[in-house]
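Enquirer: Take a look at final.txt, compact mmCIF, C-alpha atoms:
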# COMPACT_ATOMS: atom_id res chain seq x y z
CA MET A 24 0.00 0.00 0.00
CA SER A 25 2.84 2.39 0.85
CA LYS A 26 4.49 1.73 -2.54
CA LEU A 27 1.21 2.50 -4.31
CA PHE A 28 0.90 5.72 -2.33
CA VAL A 29 4.43 6.71 -3.36
CA ASP A 30 3.67 5.89 -7.01
CA LEU A 31 0.48 7.94 -6.91
CA ASN A 32 2.34 10.84 -5.31
CA LEU A 33 5.01 10.73 -8.03
CA ALA A 34 2.37 10.57 -10.76
CA LEU A 35 0.55 13.56 -9.30
CA ARG A 36 3.78 15.55 -9.00
CA SER A 37 4.61 14.77 -12.62
CA LEU A 38 1.18 16.01 -13.74
CA ILE A 39 1.62 19.21 -11.70
CA GLN A 40 5.08 19.73 -13.16
CA HIS A 41 3.64 19.52 -16.67
CA SER A 42 0.46 21.36 -15.76
CA ARG A 43 -0.20 22.99 -19.14
CA ARG A 44 -0.12 19.68 -20.96
CA ALA A 45 -2.17 17.98 -18.23
CA LEU A 46 -4.73 20.79 -18.24
CA PHE A 47 -5.15 20.58 -22.02
CA LEU A 48 -5.65 16.81 -22.01
CA GLY A 49 -7.78 16.89 -18.85
CA THR A 50 -10.09 19.45 -20.45
CA ALA A 51 -10.51 17.24 -23.52
CA ILE A 52 -11.17 14.16 -21.37
CA GLY A 53 -13.63 16.05 -19.17
CA SER A 54 -15.48 17.45 -22.19
CA VAL A 55 -15.89 14.00 -23.74
CA THR A 56 -17.09 12.61 -20.40
CA ALA A 57 -19.63 15.42 -19.97
CA LEU A 58 -20.89 15.00 -23.53
CA LEU A 59 -21.18 11.24 -23.09
CA ILE A 60 -23.23 11.72 -19.92
CA LEU A 61 -25.50 14.30 -21.58
CA LEU A 62 -26.12 12.22 -24.70
CA ASN A 63 -26.75 9.12 -22.62
CA GLY A 64 -29.07 11.18 -20.40
CA LEU A 65 -31.00 12.33 -23.46
CA SER A 66 -31.50 8.83 -24.87
CA THR A 67 -32.34 7.44 -21.40
CA GLY A 68 -34.76 10.31 -20.84
CA ILE A 69 -36.52 9.60 -24.14
CA ARG A 70 -36.73 5.89 -23.34
CA GLU A 71 -38.12 6.53 -19.85
CA THR A 72 -40.61 9.06 -21.22
CA MET A 73 -41.67 6.61 -23.93
CA ILE A 74 -42.25 3.91 -21.30
CA ASP A 75 -44.16 6.32 -19.06
CA THR A 76 -46.27 7.66 -21.92
CA ALA A 77 -46.90 4.31 -23.59
CA THR A 78 -47.84 2.60 -20.34
CA THR A 79 -50.33 5.38 -19.68
CA LEU A 80 -51.89 5.97 -23.08
CA SER A 81 -51.91 2.69 -24.93
CA SER A 82 -49.96 -0.14 -23.35
CA GLY A 83 -48.91 -1.90 -20.17
CA HIS A 84 -45.49 -3.37 -19.58
CA LEU A 85 -47.22 -6.55 -20.76
CA ASN A 86 -50.52 -6.76 -22.63
CA VAL A 87 -53.00 -9.57 -23.07
CA GLY A 88 -54.87 -8.53 -26.19
CA GLY A 89 -55.90 -10.48 -29.22
CA PHE A 90 -58.45 -10.78 -31.98
CA TYR A 91 -61.93 -12.23 -32.35
CA LYS A 92 -62.99 -13.42 -35.81
CA VAL A 93 -66.66 -13.92 -36.60
CA THR A 94 -65.58 -15.05 -40.07
CA ALA A 95 -62.14 -16.07 -41.30
CA GLY A 96 -61.57 -12.76 -43.10
CA GLN A 97 -62.82 -10.34 -40.46
CA ALA A 98 -60.92 -9.57 -37.24
CA ALA A 99 -61.69 -7.27 -34.31
CA PRO A 100 -59.41 -6.35 -31.36
CA VAL A 101 -61.60 -7.99 -28.74
CA VAL A 102 -60.85 -10.26 -25.79
CA THR A 103 -63.84 -12.38 -24.76
CA ASP A 104 -64.16 -13.80 -21.23
CA TYR A 105 -61.45 -11.35 -20.20
CA GLN A 106 -61.96 -11.95 -16.47
CA HIS A 107 -60.77 -15.55 -16.88
CA ALA A 108 -57.68 -14.36 -18.77
CA LEU A 109 -57.04 -11.76 -16.05
CA ASP A 110 -57.27 -14.43 -13.34
CA VAL A 111 -54.71 -16.56 -15.22
CA ALA A 112 -52.38 -13.56 -15.62
CA THR A 113 -52.67 -12.69 -11.92
CA LYS A 114 -51.68 -16.23 -10.89
CA SER A 115 -48.95 -16.44 -13.53
CA LEU A 116 -47.30 -13.12 -12.64
CA PRO A 117 -46.62 -12.48 -8.95
CA GLU A 118 -44.36 -9.73 -10.35
CA MET A 119 -47.49 -7.77 -11.34
CA ALA A 120 -48.11 -4.41 -9.67
CA PHE A 121 -51.62 -3.98 -11.06
CA ALA A 122 -53.67 -4.54 -14.20
CA VAL A 123 -56.44 -2.62 -15.97
CA GLU A 124 -58.78 -3.61 -18.76
CA ARG A 125 -59.33 -1.25 -21.68
CA GLY A 126 -61.35 -1.23 -24.84
CA ARG A 127 -59.69 -0.86 -28.22
CA GLY A 128 -61.13 0.62 -31.36
CA TRP A 129 -60.55 2.75 -34.44
CA ALA A 130 -63.33 5.14 -35.41
CA LYS A 131 -64.32 8.35 -37.12
CA LEU A 132 -64.78 11.29 -34.75
CA VAL A 133 -67.13 13.95 -36.18
CA SER A 134 -67.85 17.50 -35.02
CA ASP A 135 -70.00 20.23 -36.57
CA THR A 136 -67.00 21.56 -38.54
CA GLY A 137 -64.70 18.61 -39.18
CA SER A 138 -63.85 14.95 -38.71
CA MET A 139 -60.81 12.76 -38.16
CA GLN A 140 -59.86 9.12 -37.65
CA VAL A 141 -58.89 8.38 -34.05
CA GLY A 142 -58.05 5.51 -31.76
CA ILE A 143 -60.77 4.93 -29.18
CA SER A 144 -59.71 3.65 -25.77
CA GLY A 145 -62.41 2.54 -23.37
CA VAL A 146 -61.45 3.19 -19.73
CA ASP A 147 -62.91 3.09 -16.26
CA ILE A 148 -61.32 6.30 -15.04
CA GLN A 149 -62.08 5.47 -11.39
CA THR A 150 -59.81 2.40 -11.53
CA GLU A 151 -56.99 4.00 -13.58
CA PRO A 152 -54.03 4.85 -11.31
CA ARG A 153 -51.71 6.20 -14.03
CA ILE A 154 -53.85 8.44 -16.26
CA PRO A 155 -54.45 11.15 -13.62
CA GLN A 156 -50.70 11.25 -12.88
CA VAL A 157 -49.57 11.74 -16.48
CA LEU A 158 -52.26 13.60 -18.39
CA GLN A 159 -52.31 17.37 -17.94
CA ILE A 160 -55.89 18.57 -18.28
CA THR A 161 -56.06 22.06 -19.79
CA SER A 162 -59.85 22.32 -19.90
CA GLY A 163 -62.66 20.43 -18.19
CA LYS A 164 -62.46 17.72 -15.52
CA LEU A 165 -60.95 14.26 -15.87
CA ALA A 166 -63.35 12.87 -13.23
CA ASP A 167 -66.31 13.63 -15.53
CA LEU A 168 -65.07 10.86 -17.85
CA ALA A 169 -66.76 8.44 -15.44
CA GLU A 170 -70.14 9.52 -16.86
CA PRO A 171 -71.52 7.52 -19.83
CA GLY A 172 -71.52 9.26 -23.22
CA THR A 173 -68.41 11.40 -22.56
CA ILE A 174 -65.01 11.74 -24.21
CA LEU A 175 -61.53 13.09 -23.47
CA ILE A 176 -59.58 14.50 -26.41
CA PHE A 177 -56.20 16.21 -26.78
CA GLU A 178 -55.45 19.81 -27.72
CA ASN A 179 -54.43 19.05 -31.30
CA GLN A 180 -57.67 17.12 -31.85
CA ALA A 181 -59.73 19.90 -30.27
CA GLU A 182 -58.10 22.39 -32.63
CA LYS A 183 -58.74 20.26 -35.71
CA LEU A 184 -62.35 19.57 -34.76
CA ASN A 185 -62.90 23.12 -33.45
CA ALA A 186 -64.29 21.54 -30.29
CA LYS A 187 -64.32 22.67 -26.68
CA VAL A 188 -65.56 21.28 -23.38
CA GLY A 189 -69.30 20.76 -23.50
CA ASP A 190 -69.49 20.27 -27.29
CA ALA A 191 -71.19 17.21 -28.75
CA LEU A 192 -69.27 14.86 -31.04
CA THR A 193 -70.29 11.73 -32.92
CA ILE A 194 -68.26 8.52 -33.07
CA SER A 195 -68.84 6.19 -36.01
CA ALA A 196 -67.29 2.72 -36.33
CA PRO A 197 -68.02 -0.76 -37.71
CA THR A 198 -68.99 -3.37 -35.12
CA THR A 199 -67.37 -6.80 -34.84
CA ARG A 200 -70.03 -8.12 -37.24
CA GLY A 201 -69.30 -5.50 -39.89
CA ALA A 202 -72.32 -3.22 -39.40
CA ASN A 203 -71.74 0.51 -38.84
CA ASN A 204 -72.82 2.02 -35.53
CA THR A 205 -72.68 5.53 -34.06
CA ILE A 206 -72.89 7.07 -30.61
CA ASP A 207 -73.04 10.67 -29.47
CA VAL A 208 -70.56 11.85 -26.84
CA ARG A 209 -69.88 15.08 -24.98
CA VAL A 210 -66.39 16.54 -24.53
CA VAL A 211 -65.69 16.70 -20.79
CA ALA A 212 -61.90 17.15 -20.79
CA ILE A 213 -59.14 18.36 -23.10
CA ALA A 214 -55.56 17.27 -22.30
CA ARG A 215 -52.21 18.72 -23.33
CA GLY A 216 -50.48 16.76 -26.09
CA ILE A 217 -47.65 14.45 -24.98
CA GLY A 218 -46.12 13.33 -28.23
CA LEU A 219 -47.01 11.18 -31.17
CA LEU A 220 -49.40 8.86 -29.33
CA SER A 221 -51.65 11.74 -28.29
CA MET A 222 -52.09 12.69 -31.95
CA TRP A 223 -54.76 10.01 -32.37
CA ASN A 224 -55.67 8.65 -28.92
CA THR A 225 -59.02 9.52 -27.32
CA TYR A 226 -60.73 8.14 -24.23
CA VAL A 227 -64.35 7.22 -23.59
CA PRO A 228 -65.95 5.30 -20.71
CA MET A 229 -65.78 1.54 -21.17
CA SER A 230 -69.59 1.38 -21.19
CA SER A 231 -69.70 3.76 -24.17
CA LEU A 232 -67.15 1.71 -26.11
CA ARG A 233 -69.15 -1.47 -25.46
CA THR A 234 -72.25 0.31 -26.75
CA LEU A 235 -70.40 1.49 -29.87
CA TYR A 236 -69.08 -1.97 -30.73
CA GLN A 237 -72.12 -3.85 -29.31
CA LEU A 238 -70.02 -5.91 -26.89
CA ASN A 239 -71.23 -7.64 -23.75
CA GLN A 240 -69.88 -7.08 -20.25
CA ASN A 241 -67.49 -10.05 -20.54
CA ALA A 242 -65.58 -8.55 -23.50
CA THR A 243 -62.84 -5.95 -23.56
CA GLY A 244 -60.02 -4.85 -25.84
CA VAL A 245 -56.88 -5.57 -23.83
CA ILE A 246 -55.64 -6.34 -20.33
CA GLN A 247 -52.75 -4.00 -19.59
CA ILE A 248 -50.37 -5.35 -16.95
CA MET A 249 -47.99 -3.10 -15.03
CA LEU A 250 -45.02 -4.81 -13.39
CA LYS A 251 -43.18 -3.89 -10.22
CA GLU A 252 -40.27 -1.69 -11.23
CA LYS A 253 -37.49 -4.20 -10.52
CA TYR A 254 -39.09 -6.79 -12.82
CA VAL A 255 -39.37 -4.56 -15.92
CA PRO A 256 -36.01 -5.79 -17.38
CA ARG A 257 -37.40 -9.35 -17.31
CA ILE A 258 -40.31 -8.62 -19.66
CA PRO A 259 -39.34 -11.23 -22.35
CA GLU A 260 -39.08 -13.99 -19.73
CA LEU A 261 -42.39 -13.01 -18.10
CA ALA A 262 -44.16 -12.78 -21.48
CA ALA A 263 -43.06 -16.33 -22.36
CA ARG A 264 -44.31 -17.62 -19.00
CA LEU A 265 -47.65 -15.85 -19.44
CA ARG A 266 -48.16 -17.29 -22.94
CA SER A 267 -47.49 -20.78 -21.62
CA ASP A 268 -49.91 -20.40 -18.70
CA LEU A 269 -52.67 -18.99 -20.94
CA GLU A 270 -52.32 -21.98 -23.26
CA LYS A 271 -52.47 -24.36 -20.30
CA ALA A 272 -55.69 -22.61 -19.21
CA GLY A 273 -57.28 -23.46 -22.56
CA PHE A 274 -56.78 -20.21 -24.49
CA ARG A 275 -55.47 -20.17 -28.03
CA VAL A 276 -52.43 -17.87 -28.15
CA MET A 277 -50.91 -16.18 -31.20
CA THR A 278 -47.26 -16.66 -32.16
CA PRO A 279 -45.13 -13.77 -30.77
CA ASP A 280 -45.13 -10.88 -33.24
CA PRO A 281 -43.19 -7.73 -32.22
CA ARG A 282 -45.61 -5.24 -33.77
CA ALA A 283 -48.36 -2.97 -32.48
CA PHE A 284 -51.79 -4.62 -32.45
CA TRP A 285 -53.18 -2.35 -35.17
CA MET A 286 -50.39 -3.41 -37.55
CA LYS A 287 -51.54 -7.06 -37.35
CA PHE A 288 -55.07 -6.70 -38.76
CA GLN A 289 -54.20 -7.66 -42.33
CA SER A 290 -52.05 -10.65 -41.40
CA VAL A 291 -54.65 -11.93 -38.91
CA ALA A 292 -57.45 -11.48 -41.46
CA ARG A 293 -55.54 -13.70 -43.92
CA GLU A 294 -55.28 -16.55 -41.41
CA ASP A 295 -57.82 -19.35 -41.71
CA TRP A 296 -59.38 -19.51 -38.26
CA THR A 297 -62.40 -18.16 -36.40
CA GLY A 298 -63.15 -17.43 -32.79
CA GLN A 299 -60.72 -16.03 -30.20
CA LYS A 300 -56.91 -15.91 -30.12
CA LEU A 301 -55.00 -14.03 -27.46
CA ASP A 302 -51.85 -12.04 -28.19
CA VAL A 303 -49.26 -11.29 -25.48
CA THR A 304 -47.17 -8.20 -26.26
CA SER A 305 -44.80 -5.86 -24.46
CA TRP A 306 -44.72 -2.07 -24.46
CA GLU A 307 -41.83 -2.21 -26.95
CA ASP A 308 -43.96 -4.29 -29.32
CA GLU A 309 -46.81 -1.78 -29.11
CA LEU A 310 -44.37 1.07 -29.78
CA SER A 311 -42.28 -0.78 -32.39
CA PHE A 312 -43.27 1.77 -35.04
CA MET A 313 -41.58 4.48 -32.95
CA MET A 314 -38.52 2.67 -31.57
CA TRP A 315 -36.47 3.67 -34.62
CA THR A 316 -36.22 7.22 -33.22
CA LEU A 317 -34.53 5.94 -30.07
CA GLN A 318 -32.31 3.56 -32.05
CA ALA A 319 -31.30 6.40 -34.40
CA LEU A 320 -30.39 8.63 -31.46
CA GLN A 321 -28.37 5.86 -29.83
CA GLY A 322 -26.58 5.18 -33.13
CA LEU A 323 -25.78 8.87 -33.58
CA THR A 324 -24.54 9.06 -29.99
CA PHE A 325 -22.25 6.07 -30.55
CA ILE A 326 -20.76 7.56 -33.73
CA LEU A 327 -20.20 10.97 -32.15
CA ILE A 328 -18.64 9.58 -28.97
CA THR A 329 -16.42 7.21 -31.00
CA ILE A 330 -15.07 10.15 -33.01
CA LEU A 331 -14.44 12.22 -29.89
CA ILE A 332 -12.74 9.31 -28.08
CA ALA A 333 -10.55 8.70 -31.13
CA ILE A 334 -9.46 12.34 -31.05
CA VAL A 335 -8.67 12.08 -27.32
CA VAL A 336 -6.74 8.84 -27.84
CA ILE A 337 -4.62 10.41 -30.59
CA GLY A 338 -4.01 13.45 -28.38
CA ILE A 339 -2.95 11.31 -25.43
CA MET A 340 -0.59 9.18 -27.53
CA ASN A 341 1.04 12.24 -29.10
CA THR A 342 1.38 13.91 -25.72
CA MET A 343 2.88 10.77 -24.21
CA TRP A 344 5.45 10.60 -27.02
CA ILE A 345 6.42 14.19 -26.28
CA ALA A 346 6.59 13.46 -22.56
CA ILE A 347 8.77 10.40 -23.12
CA ARG A 348 11.11 12.38 -25.37
CA GLU A 349 11.42 15.11 -22.76
CA ARG A 350 12.01 12.57 -19.97
CA THR A 351 14.36 10.21 -21.80
CA ARG A 352 17.29 10.97 -19.47
CA GLU A 353 15.00 10.53 -16.45
CA ILE A 354 13.95 7.14 -17.78
CA GLY A 355 17.60 6.16 -18.30
CA THR A 356 18.51 7.21 -14.77
CA LEU A 357 15.63 5.26 -13.26
CA ARG A 358 16.57 2.19 -15.28
CA ALA A 359 20.24 2.57 -14.25
CA ILE A 360 19.41 2.59 -10.53
CA GLY A 361 17.39 -0.61 -10.84
CA MET A 362 13.87 0.17 -12.04
CA GLN A 363 12.59 -2.67 -14.20
CA ARG A 364 10.81 -2.21 -17.49
CA GLY A 365 7.51 -2.99 -15.81
CA GLY A 366 8.13 -0.13 -13.41
CA VAL A 367 8.62 2.33 -16.28
CA VAL A 368 5.40 1.14 -17.93
CA TRP A 369 3.57 1.41 -14.63
CA MET A 370 4.88 4.95 -14.04
CA PHE A 371 3.55 6.32 -17.33
CA LEU A 372 0.38 4.25 -17.18
CA LEU A 373 -0.41 5.49 -13.69
CA GLU A 374 0.05 9.10 -14.79
CA SER A 375 -2.35 8.56 -17.67
CA LEU A 376 -4.92 6.78 -15.50
CA MET A 377 -4.72 9.53 -12.89
CA LEU A 378 -5.16 12.17 -15.56
CA GLY A 379 -8.12 10.24 -16.99
CA PHE A 380 -9.72 9.83 -13.57
CA LEU A 381 -9.34 13.51 -12.62
CA GLY A 382 -10.63 14.58 -16.03
CA THR A 383 -13.67 12.30 -15.83
CA VAL A 384 -14.51 13.47 -12.31
CA VAL A 385 -14.64 17.06 -13.49
CA GLY A 386 -16.48 16.06 -16.68
CA ALA A 387 -19.01 13.97 -14.76
CA ALA A 388 -19.71 16.83 -12.37
CA LEU A 389 -20.10 19.22 -15.30
CA GLY A 390 -22.38 16.85 -17.22
CA PHE A 391 -24.57 16.22 -14.18
CA ALA A 392 -24.79 19.95 -13.42
CA VAL A 393 -25.75 20.83 -17.01
CA ALA A 394 -28.37 18.05 -17.12
CA THR A 395 -29.84 19.15 -13.79
CA GLY A 396 -29.92 22.76 -14.97
CA LEU A 397 -31.65 21.89 -18.24
CA ASN A 398 -34.26 19.82 -16.41
CA ALA A 399 -34.85 22.67 -13.94
CA LEU A 400 -35.39 25.10 -16.80
CA HIS A 401 -38.21 22.84 -18.08
CA ILE A 402 -37.38 23.80 -21.67
CA HIS A 403 -40.43 23.64 -23.93
CA VAL A 404 -39.87 21.97 -27.30
CA PRO A 405 -41.77 22.55 -30.56
CA ILE A 406 -44.51 20.19 -31.75
CA SER A 407 -42.23 18.54 -34.32
CA VAL A 408 -39.79 17.56 -31.56
CA GLN A 409 -42.57 16.51 -29.17
CA LEU A 410 -43.57 13.80 -31.63
CA PHE A 411 -40.29 12.00 -30.92
CA LEU A 412 -39.53 13.06 -27.35
CA MET A 413 -43.03 11.95 -26.29
CA SER A 414 -43.12 15.03 -24.08
CA ASP A 415 -43.68 18.78 -24.39
CA HIS A 416 -40.39 19.56 -22.63
CA LEU A 417 -36.78 18.40 -22.68
CA HIS A 418 -35.94 15.75 -20.10
CA LEU A 419 -32.51 14.24 -19.45
CA ALA A 420 -32.35 11.19 -17.18
CA VAL A 421 -28.86 11.01 -15.64
CA HIS A 422 -28.48 8.11 -13.20
CA PRO A 423 -25.50 7.39 -10.91
CA GLY A 424 -24.83 4.07 -12.64
CA ALA A 425 -24.52 5.77 -16.03
CA ILE A 426 -22.12 8.37 -14.59
CA VAL A 427 -19.89 5.70 -13.05
CA ARG A 428 -19.88 3.67 -16.28
CA ALA A 429 -18.90 6.74 -18.31
CA MET A 430 -16.07 7.57 -15.90
CA ILE A 431 -14.72 4.01 -15.96
CA LEU A 432 -14.95 3.80 -19.76
CA ILE A 433 -13.11 7.06 -20.42
CA THR A 434 -10.49 6.37 -17.71
CA VAL A 435 -9.74 2.91 -19.10
CA ILE A 436 -9.50 4.27 -22.65
CA THR A 437 -7.14 6.99 -21.43
CA GLY A 438 -4.90 4.40 -19.80
CA ALA A 439 -5.01 2.13 -22.84
CA ALA A 440 -3.98 5.02 -25.08
CA ALA A 441 -0.82 5.50 -23.00
CA LEU A 442 0.09 1.82 -22.94
CA TYR A 443 1.96 1.59 -26.26
CA PRO A 444 4.12 4.71 -25.73
CA ALA A 445 4.87 3.45 -22.20
CA LEU A 446 6.00 0.07 -23.55
CA ARG A 447 8.27 1.80 -26.05
CA ALA A 448 9.74 3.93 -23.26
CA ALA A 449 10.45 0.80 -21.20
CA ARG A 450 12.50 -0.68 -24.07
CA LEU A 451 15.01 2.20 -23.97
CA LYS A 452 18.50 1.06 -22.95
CA PRO A 453 19.70 2.87 -19.80
CA VAL A 454 23.03 3.96 -21.32
CA THR A 455 21.42 5.29 -24.50
CA ALA A 456 18.69 7.07 -22.56
CA MET A 457 21.12 8.74 -20.13
CA GLN A 458 23.24 10.06 -23.02
CA HIS A 459 20.17 11.63 -24.68
CA PHE A 460 20.81 15.37 -25.13
CA GLY A 461 23.89 14.80 -23.00
How does the structure come out when it is put into structure tokens?
Expert:
Amino acid sequence: MSKLFVDLNLALRSLIQHSRRALFLGTAIGSVTALLILLNGLSTGIRETMIDTATTLSSGHLNVGGFYKVTAGQAAPVVTDYQHALDVATKSLPEMAFAVERGRGWAKLVSDTGSMQVGISGVDIQTEPRIPQVLQITSGKLADLAEPGTILIFENQAEKLNAKVGDALTISAPTTRGANNTIDVRVVAIARGIGLLSMWNTYVPMSSLRTLYQLNQNATGVIQIMLKEKYVPRIPELAARLRSDLEKAGFRVMTPDPRAFWMKFQSVAREDWTGQKLDVTSWEDELSFMMWTLQALQGLTFILITILIAIVVIGIMNTMWIAIRERTREIGTLRAIGMQRGGVVWMFLLESLMLGFLGTVVGAALGFAVATGLNALHIHVPISVQLFLMSDHLHLAVHPGAIVRAMILITVITGAAALYPALRAARLKPVTAMQHFG
């Protein structure tokens, strides 16, 4: 331990002696660390916001949905005898936090001045723990959605339909048997948009959706299952278990298909079967049409960080060559008094690792401070950006684990960059090195 302390003290003194060079490299290392933390915070923030939004608006962590086919060529997103399926899911998943049942539909929403195609979600607002926490109501009352014949729409929909709280709208949709049906609803709440999903989602009471699609009390659209937080990373394993248990309970289950339910209509309609088939999906499946935005951001982050790290590595190697040239006589003297080659390598490597560590500490603190400041500012983003951020403001999620990983990565890369010059320095013959510039 004492030898390590001496080595660290010598490395620190060497960095102080060459402070200008150390400051230049430390600044570069710190900047790359800060940028890595910020970019990782942005992608993590988008992912967390996507999960939060998706598991509020249109999906659970796991979903038991499916299709009912009256004829082989006609499919509807309906789960019959849903209470039995919910009981099976409850027994199968002790990892479950809670579950809600929701209706699914696609319909034409008509006002006095316009119309648009929207997704219709049937909800029992009194049993929904997440919707009140996430939706920001700008007009009306969310609690009024408990009344039959009501609807919640988003600001962009209200603008397109020229509708306000209290206005009457008409919903028109084909039933599961192919006949068209309409119901009249009253706008009781308008919510602020929260990204792409709120462009087409609307909410009506479950009783109204059953009336629209002429469903009985035993039918719903999907059972949305929320898991306890620590079990979310195990979604694929839990989905496989749930499929198996549903099959054992007598349900027919569809082959896993990582797409949103509404993207499966055509393929299901081409299949030669009738009756009910359940479909177990995850939130990532239901948002598969949007995951490319996150993947693109992660890819761009990787390319940018790779370029910056390459620049830092080249800078460190060049600086180390200069340092070795300046300290050739010192190296020769140390070798002459008995220092082994490994000791020379360790001396330069330790200096580089110390420089990397100090630089990453400063960079991590800077990155965390900038991320915290940006979150505190609650920066509003334009509509075009909201579509991909799934939020109306910028949010960076910087976690301690990500900071530590960034510091370790950059520190290790800094040390690795110094390894080759250090090995070359260790190969210098003591006599030759001592005569350098002599």
Enquirer: Can you list, as an MDAnalysis selection string, every protein, DNA or RNA residue that comes within 12 Å of Leu432 of chain A when you count all atoms listed in the file, leaving out same-chain residues fewer than 2 positions away?
Expert: chainID A and resid 52 55:56 59:60 328:329 332 376 379:380 383 425:430 434:439
Enquirer: Could those selected residues go to a file with C-alpha atoms, as an mmCIF file, in the coordinates of the input?
Expert:
data_model
loop_
_atom_site.group_PDB
_atom_site.id
_atom_site.type_symbol
_atom_site.label_atom_id
_atom_site.label_comp_id
_atom_site.auth_asym_id
_atom_site.auth_seq_id
_atom_site.Cartn_x
_atom_site.Cartn_y
_atom_site.Cartn_z
ATOM 1 C CA ILE A 52 -11.170 14.160 -21.370
ATOM 2 C CA VAL A 55 -15.890 14.000 -23.740
ATOM 3 C CA THR A 56 -17.090 12.610 -20.400
ATOM 4 C CA LEU A 59 -21.180 11.240 -23.090
ATOM 5 C CA ILE A 60 -23.230 11.720 -19.920
ATOM 6 C CA ILE A 328 -18.640 9.580 -28.970
ATOM 7 C CA THR A 329 -16.420 7.210 -31.000
ATOM 8 C CA ILE A 332 -12.740 9.310 -28.080
ATOM 9 C CA LEU A 376 -4.920 6.780 -15.500
ATOM 10 C CA GLY A 379 -8.120 10.240 -16.990
ATOM 11 C CA PHE A 380 -9.720 9.830 -13.570
ATOM 12 C CA THR A 383 -13.670 12.300 -15.830
ATOM 13 C CA ALA A 425 -24.520 5.770 -16.030
ATOM 14 C CA ILE A 426 -22.120 8.370 -14.590
ATOM 15 C CA VAL A 427 -19.890 5.700 -13.050
ATOM 16 C CA ARG A 428 -19.880 3.670 -16.280
ATOM 17 C CA ALA A 429 -18.900 6.740 -18.310
ATOM 18 C CA MET A 430 -16.070 7.570 -15.900
ATOM 19 C CA THR A 434 -10.490 6.370 -17.710
ATOM 20 C CA VAL A 435 -9.740 2.910 -19.100
ATOM 21 C CA ILE A 436 -9.500 4.270 -22.650
ATOM 22 C CA THR A 437 -7.140 6.990 -21.430
ATOM 23 C CA GLY A 438 -4.900 4.400 -19.800
ATOM 24 C CA ALA A 439 -5.010 2.130 -22.840
#
Enquirer: As an exercise, work out the distance from atom CA of Gly53 of chain A to atom CA of Leu327 of chain A in Å and give it to one decimal place.
Expert: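 Separating atom CA of Gly53 of chain A from atom CA of Leu327 of chain A is a distance of 15.4 Å.
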Enquirer: Just checking: using all atoms listed in the file, which residue out of A:Ile74, A:Ala392, A:Met313, A:Leu184 ends up closest to Val421 of chain A?
Expert: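 Using all atoms listed in the file, the shortest distance to Val421 of chain A belongs to A:Ala392.
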Enquirer: Have a look at atom CA of Leu417 of chain A and atom CA of Phe325 of chain A and let me know their distance in Å, one decimal.
Expert: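 Value for the atom CA of Leu417 of chain A-atom CA of Phe325 of chain A distance: 20.6 Å.
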Enquirer: Using all atoms listed in the file, which residue out of A:Leu132, A:Val111, A:Leu235, A:Leu58 lies closest to Val210 of chain A?
Expert: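 Result for the nearest residue to Val210 of chain A: A:Leu132.
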Enquirer: Between atom CA of Thr304 of chain A and atom CA of Arg153 of chain A, what is the distance, to one decimal in Å?
Expert: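 Taking atom CA of Thr304 of chain A as the start and atom CA of Arg153 of chain A as the end point, the length is 19.4 Å.
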Enquirer: A:Val87, A:Leu62, A:Leu165, A:Ala196: which is nearest Arg233 of chain A, counting all atoms listed in the file?
Expert: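 Ranked by minimum distance to Arg233 of chain A, first place goes to A:Ala196.
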